[in-house]
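Worksheet for the structure shown next.
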2 protein chains.
Amino acid sequence: MNIRPATESDRDSIWRILEPTIRAGETYPIPRDMPRDAALAYWFSAHHEVFAAERDGEVLGTYYMRPNQPAGGAHVANCGYMTALHATGRGIARAMCLDSLVRARARGFRAMQFNFVIATNHRAMALWQSCGFEILCRLPGAFQHPTEGYVDALVMFQTL
Amino acid sequence: MNIRPATESDRDSIWRILEPTIRAGETYPIPRDMPRDAALAYWFSAHHEVFAAERDGEVLGTYYMRPNQPAGGAHVANCGYMTALHATGRGIARAMCLDSLVRARARGFRAMQFNFVIATNHRAMALWQSCGFEILCRLPGAFQHPTEGYVDALVMFQTL
């Protein structure tokens, strides 16, 4: 697994990862019908540093890192991770999360916060906890899941 | 107290309210040196609905309301409030908060969340609690206060 900064030439690969996750609408508060250009503009937004996780030359995952708040809150990092649907369960998200923690420390971030982990996303919750995150609180009914209705979202946090 | 949608003609009044709070840097994660145009662009950003609280024709407070998250999280409102420095302690923030709760319910929001209430801002914490918000969690050391160093920020929440 090689995790490296993403470049313009990764846009097709990254869109192939983002599209099914966005269309499913179960794990991120992103409009399910968001078109490719808007999705890539969001993923590559100005304050995001974007990475690609590849194995044997194939991009199987991507994540962004950004300050969770500007100014007085800019010492806390935030990340979003997506793994290719056909590659789930192979440790790619874990590798990206651990990589992001290393990079966040190297950049001087003092903590990492996830603002909106969907409570039905059990795999992600368990994975982030195994990577050192703790659940600070549940946001009651804060996410409208396409099939489960209103479900909680979690704030997760780790001091670096 | 008359609380109404803000218009272009309120920009001078609103900047007089924003400027000292931004320059102090004690209550919002906004760059302390943010210039007027950037601050007004932020306050009036595309997804913000902005209000002005006036008494005897003078704008003494302003707040914005927005969905706290897009898409599946858009049923939870978020607001930011600022009161003119010379008018604090006169119930203006309370009036704006109560007004925002009424408007949020009318717009169909199901809850209101504050993501980043600075723990040293005791007046705000007590006020929001008296308006029905509860503290869901503390974000440890998440805000760098200009004189107090790293202090906690609070996630506060109210179901509507």
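Naming works like this for the structure tokens: A, B, ... for the chains as they're shown, residue 1 at the start of each chain, ligands 1 onward in shown order.
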Would you kindly report the residues of chain B within 6 Å of chain A, using only C-alpha atoms, as a ChimeraX atom specification?
/B:29-31,70-73,136-137,142-144
Please, which residues of range 28-92 of chain B, numbered as in this document, come out strand (DSSP E or B) from DSSP, as a VMD selection string?
chain B and resid 49 to 55 58 to 67 76 to 83
Check the smallest atom-to-atom distance from each of A:Asn121, A:Ser45, A:Ser130, A:Thr147 to Leu98 in chain A using only C-alpha atoms, then report the winner.
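Nearest to Leu98 in chain A: A:Ser130.
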Rounded to one decimal place, report the CA of Cys131 in chain B-CA of Arg94 in chain B distance in Å.
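Between CA of Cys131 in chain B and CA of Arg94 in chain B the gap works out to 7.5 Å.
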The coordinates of chain B, once least-squares superposed on chain A over all sequentially paired C-alpha atoms, should be supplied as a short mmCIF file (atom, residue, chain, number, x, y, z; two decimals) with C-alpha atoms, in the first residue's frame.
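Generated output (result_27.cif):
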```cif
data_model
loop_
_atom_site.label_atom_id
_atom_site.label_comp_id
_atom_site.auth_asym_id
_atom_site.auth_seq_id
_atom_site.Cartn_x
_atom_site.Cartn_y
_atom_site.Cartn_z
CA MET B 1 0.01 0.01 0.03
CA ASN B 2 1.42 3.33 -1.07
CA ILE B 3 -0.29 6.45 0.27
CA ARG B 4 0.76 9.66 -1.46
CA PRO B 5 -0.55 13.12 -2.26
CA ALA B 6 -3.22 12.97 -4.96
CA THR B 7 -2.69 14.84 -8.20
CA GLU B 8 -4.84 16.05 -11.06
CA SER B 9 -4.21 12.74 -12.83
CA ASP B 10 -5.98 10.89 -10.00
CA ARG B 11 -9.29 12.62 -10.59
CA ASP B 12 -10.81 9.77 -12.64
CA SER B 13 -9.71 7.17 -10.10
CA ILE B 14 -10.96 9.25 -7.21
CA TRP B 15 -14.32 9.88 -8.83
CA ARG B 16 -14.76 6.11 -9.28
CA ILE B 17 -14.31 5.83 -5.50
CA LEU B 18 -16.48 8.81 -4.54
CA GLU B 19 -19.39 8.13 -6.88
CA PRO B 20 -20.89 4.95 -5.36
CA THR B 21 -20.46 6.24 -1.81
CA ILE B 22 -22.11 9.56 -2.64
CA ARG B 23 -24.92 7.87 -4.59
CA ALA B 24 -25.60 5.49 -1.67
CA GLY B 25 -25.89 8.49 0.70
CA GLU B 26 -25.45 6.37 3.81
CA THR B 27 -22.19 7.66 5.27
CA TYR B 28 -21.64 11.30 4.31
CA PRO B 29 -23.96 14.33 4.38
CA ILE B 30 -23.36 14.95 0.67
CA PRO B 31 -26.22 15.33 -1.82
CA ARG B 32 -26.74 11.90 -3.40
CA ASP B 33 -27.13 13.42 -6.85
CA MET B 34 -24.01 15.60 -6.65
CA PRO B 35 -22.41 15.61 -10.11
CA ARG B 36 -18.83 14.58 -10.73
CA ASP B 37 -17.38 18.09 -11.06
CA ALA B 38 -19.00 19.36 -7.87
CA ALA B 39 -17.94 16.25 -5.96
CA LEU B 40 -14.33 16.56 -7.08
CA ALA B 41 -14.37 20.29 -6.36
CA TYR B 42 -15.57 19.49 -2.84
CA TRP B 43 -13.04 16.69 -2.29
CA PHE B 44 -10.22 18.88 -3.62
CA SER B 45 -11.43 22.09 -1.96
CA ALA B 46 -8.94 24.81 -1.16
CA HIS B 47 -8.32 23.83 2.45
CA HIS B 48 -8.18 20.09 1.75
CA GLU B 49 -4.94 18.19 1.33
CA VAL B 50 -5.90 15.08 -0.66
CA PHE B 51 -4.20 11.69 -0.64
CA ALA B 52 -4.51 8.55 -2.74
CA ALA B 53 -3.93 5.02 -1.44
CA GLU B 54 -2.78 2.67 -4.17
CA ARG B 55 -1.79 -0.95 -4.42
CA ASP B 56 -0.20 -2.34 -7.58
CA GLY B 57 -0.78 1.00 -9.28
CA GLU B 58 -4.54 1.01 -8.62
CA VAL B 59 -6.03 3.76 -6.46
CA LEU B 60 -8.21 1.95 -3.90
CA GLY B 61 -8.83 4.73 -1.43
CA THR B 62 -8.62 8.46 -0.92
CA TYR B 63 -8.78 10.85 1.97
CA TYR B 64 -8.55 14.54 2.66
CA MET B 65 -7.07 16.35 5.62
CA ARG B 66 -7.93 19.90 6.64
CA PRO B 67 -8.05 22.08 9.74
CA ASN B 68 -11.41 21.39 11.35
CA GLN B 69 -11.89 25.08 12.13
CA PRO B 70 -10.01 28.16 10.94
CA ALA B 71 -7.91 30.47 13.11
CA GLY B 72 -8.16 29.55 16.80
CA GLY B 73 -9.39 26.06 15.91
CA ALA B 74 -6.84 25.30 13.18
CA HIS B 75 -4.68 23.06 15.37
CA VAL B 76 -7.32 20.30 15.22
CA ALA B 77 -7.33 18.24 12.03
CA ASN B 78 -10.32 16.73 10.31
CA CYS B 79 -10.26 14.00 7.67
CA GLY B 80 -12.71 12.23 5.38
CA TYR B 81 -11.91 8.80 3.95
CA MET B 82 -13.45 6.76 1.14
CA THR B 83 -12.50 3.28 -0.03
CA ALA B 84 -13.33 1.73 -3.40
CA LEU B 85 -16.44 -0.42 -3.00
CA HIS B 86 -14.76 -3.48 -4.49
CA ALA B 87 -11.84 -3.16 -2.06
CA THR B 88 -13.59 -2.86 1.30
CA GLY B 89 -12.54 -5.16 4.13
CA ARG B 90 -8.91 -5.20 3.02
CA GLY B 91 -7.47 -2.76 5.50
CA ILE B 92 -7.37 0.24 3.21
CA ALA B 93 -9.39 2.57 5.43
CA ARG B 94 -7.29 1.55 8.43
CA ALA B 95 -4.07 2.21 6.50
CA MET B 96 -5.38 5.63 5.43
CA CYS B 97 -6.44 6.55 8.95
CA LEU B 98 -3.10 5.57 10.44
CA ASP B 99 -1.33 7.45 7.65
CA SER B 100 -3.43 10.53 8.33
CA LEU B 101 -2.56 10.43 12.03
CA VAL B 102 1.15 10.32 11.21
CA ARG B 103 0.83 13.18 8.72
CA ALA B 104 -1.33 15.22 11.10
CA ARG B 105 1.26 14.94 13.86
CA ALA B 106 4.01 15.86 11.38
CA ARG B 107 2.07 18.99 10.37
CA GLY B 108 1.78 20.06 13.98
CA PHE B 109 -1.90 19.29 14.51
CA ARG B 110 -2.60 18.63 18.18
CA ALA B 111 -5.73 16.54 17.73
CA MET B 112 -8.01 15.03 15.12
CA GLN B 113 -11.78 15.33 15.18
CA PHE B 114 -14.50 13.62 13.15
CA ASN B 115 -17.64 15.73 13.26
CA PHE B 116 -20.23 13.45 11.76
CA VAL B 117 -19.67 9.68 11.87
CA ILE B 118 -23.03 8.09 11.06
CA ALA B 119 -24.08 5.77 13.87
CA THR B 120 -25.29 3.08 11.45
CA ASN B 121 -21.79 2.92 9.95
CA HIS B 122 -20.68 0.31 12.48
CA ARG B 123 -17.60 -0.68 10.55
CA ALA B 124 -16.26 2.88 10.55
CA MET B 125 -17.07 3.44 14.23
CA ALA B 126 -15.21 0.27 15.25
CA LEU B 127 -12.32 1.08 12.95
CA TRP B 128 -11.85 4.63 14.20
CA GLN B 129 -12.02 3.41 17.78
CA SER B 130 -9.37 0.80 17.04
CA CYS B 131 -7.23 3.63 15.63
CA GLY B 132 -7.45 5.53 18.93
CA PHE B 133 -10.52 7.72 18.52
CA GLU B 134 -13.06 8.01 21.25
CA ILE B 135 -16.72 8.90 20.91
CA LEU B 136 -17.23 12.29 22.57
CA CYS B 137 -20.96 12.48 21.96
CA ARG B 138 -23.92 11.42 19.85
CA LEU B 139 -25.84 14.05 17.90
CA PRO B 140 -29.42 12.81 18.26
CA GLY B 141 -31.13 12.12 14.94
CA ALA B 142 -28.67 14.40 13.15
CA PHE B 143 -28.49 12.36 9.94
CA GLN B 144 -31.34 11.38 7.66
CA HIS B 145 -30.37 7.95 6.39
CA PRO B 146 -31.92 6.99 3.04
CA THR B 147 -33.42 3.77 4.44
CA GLU B 148 -33.06 3.95 8.25
CA GLY B 149 -34.63 7.41 8.72
CA TYR B 150 -33.20 9.79 11.31
CA VAL B 151 -30.16 8.24 12.96
CA ASP B 152 -27.53 9.63 15.30
CA ALA B 153 -24.17 10.97 14.20
CA LEU B 154 -21.10 10.80 16.41
CA VAL B 155 -18.39 13.28 17.26
CA MET B 156 -15.11 11.35 17.57
CA PHE B 157 -11.82 12.78 18.77
CA GLN B 158 -8.22 11.88 19.36
CA THR B 159 -5.49 13.96 20.97
CA LEU B 160 -2.24 13.58 19.01
#
```
Give the alpha helix (DSSP H) residues of range 25-100 of chain A, as DSSP finds them on the backbone, and put them as a count of residues only.
17
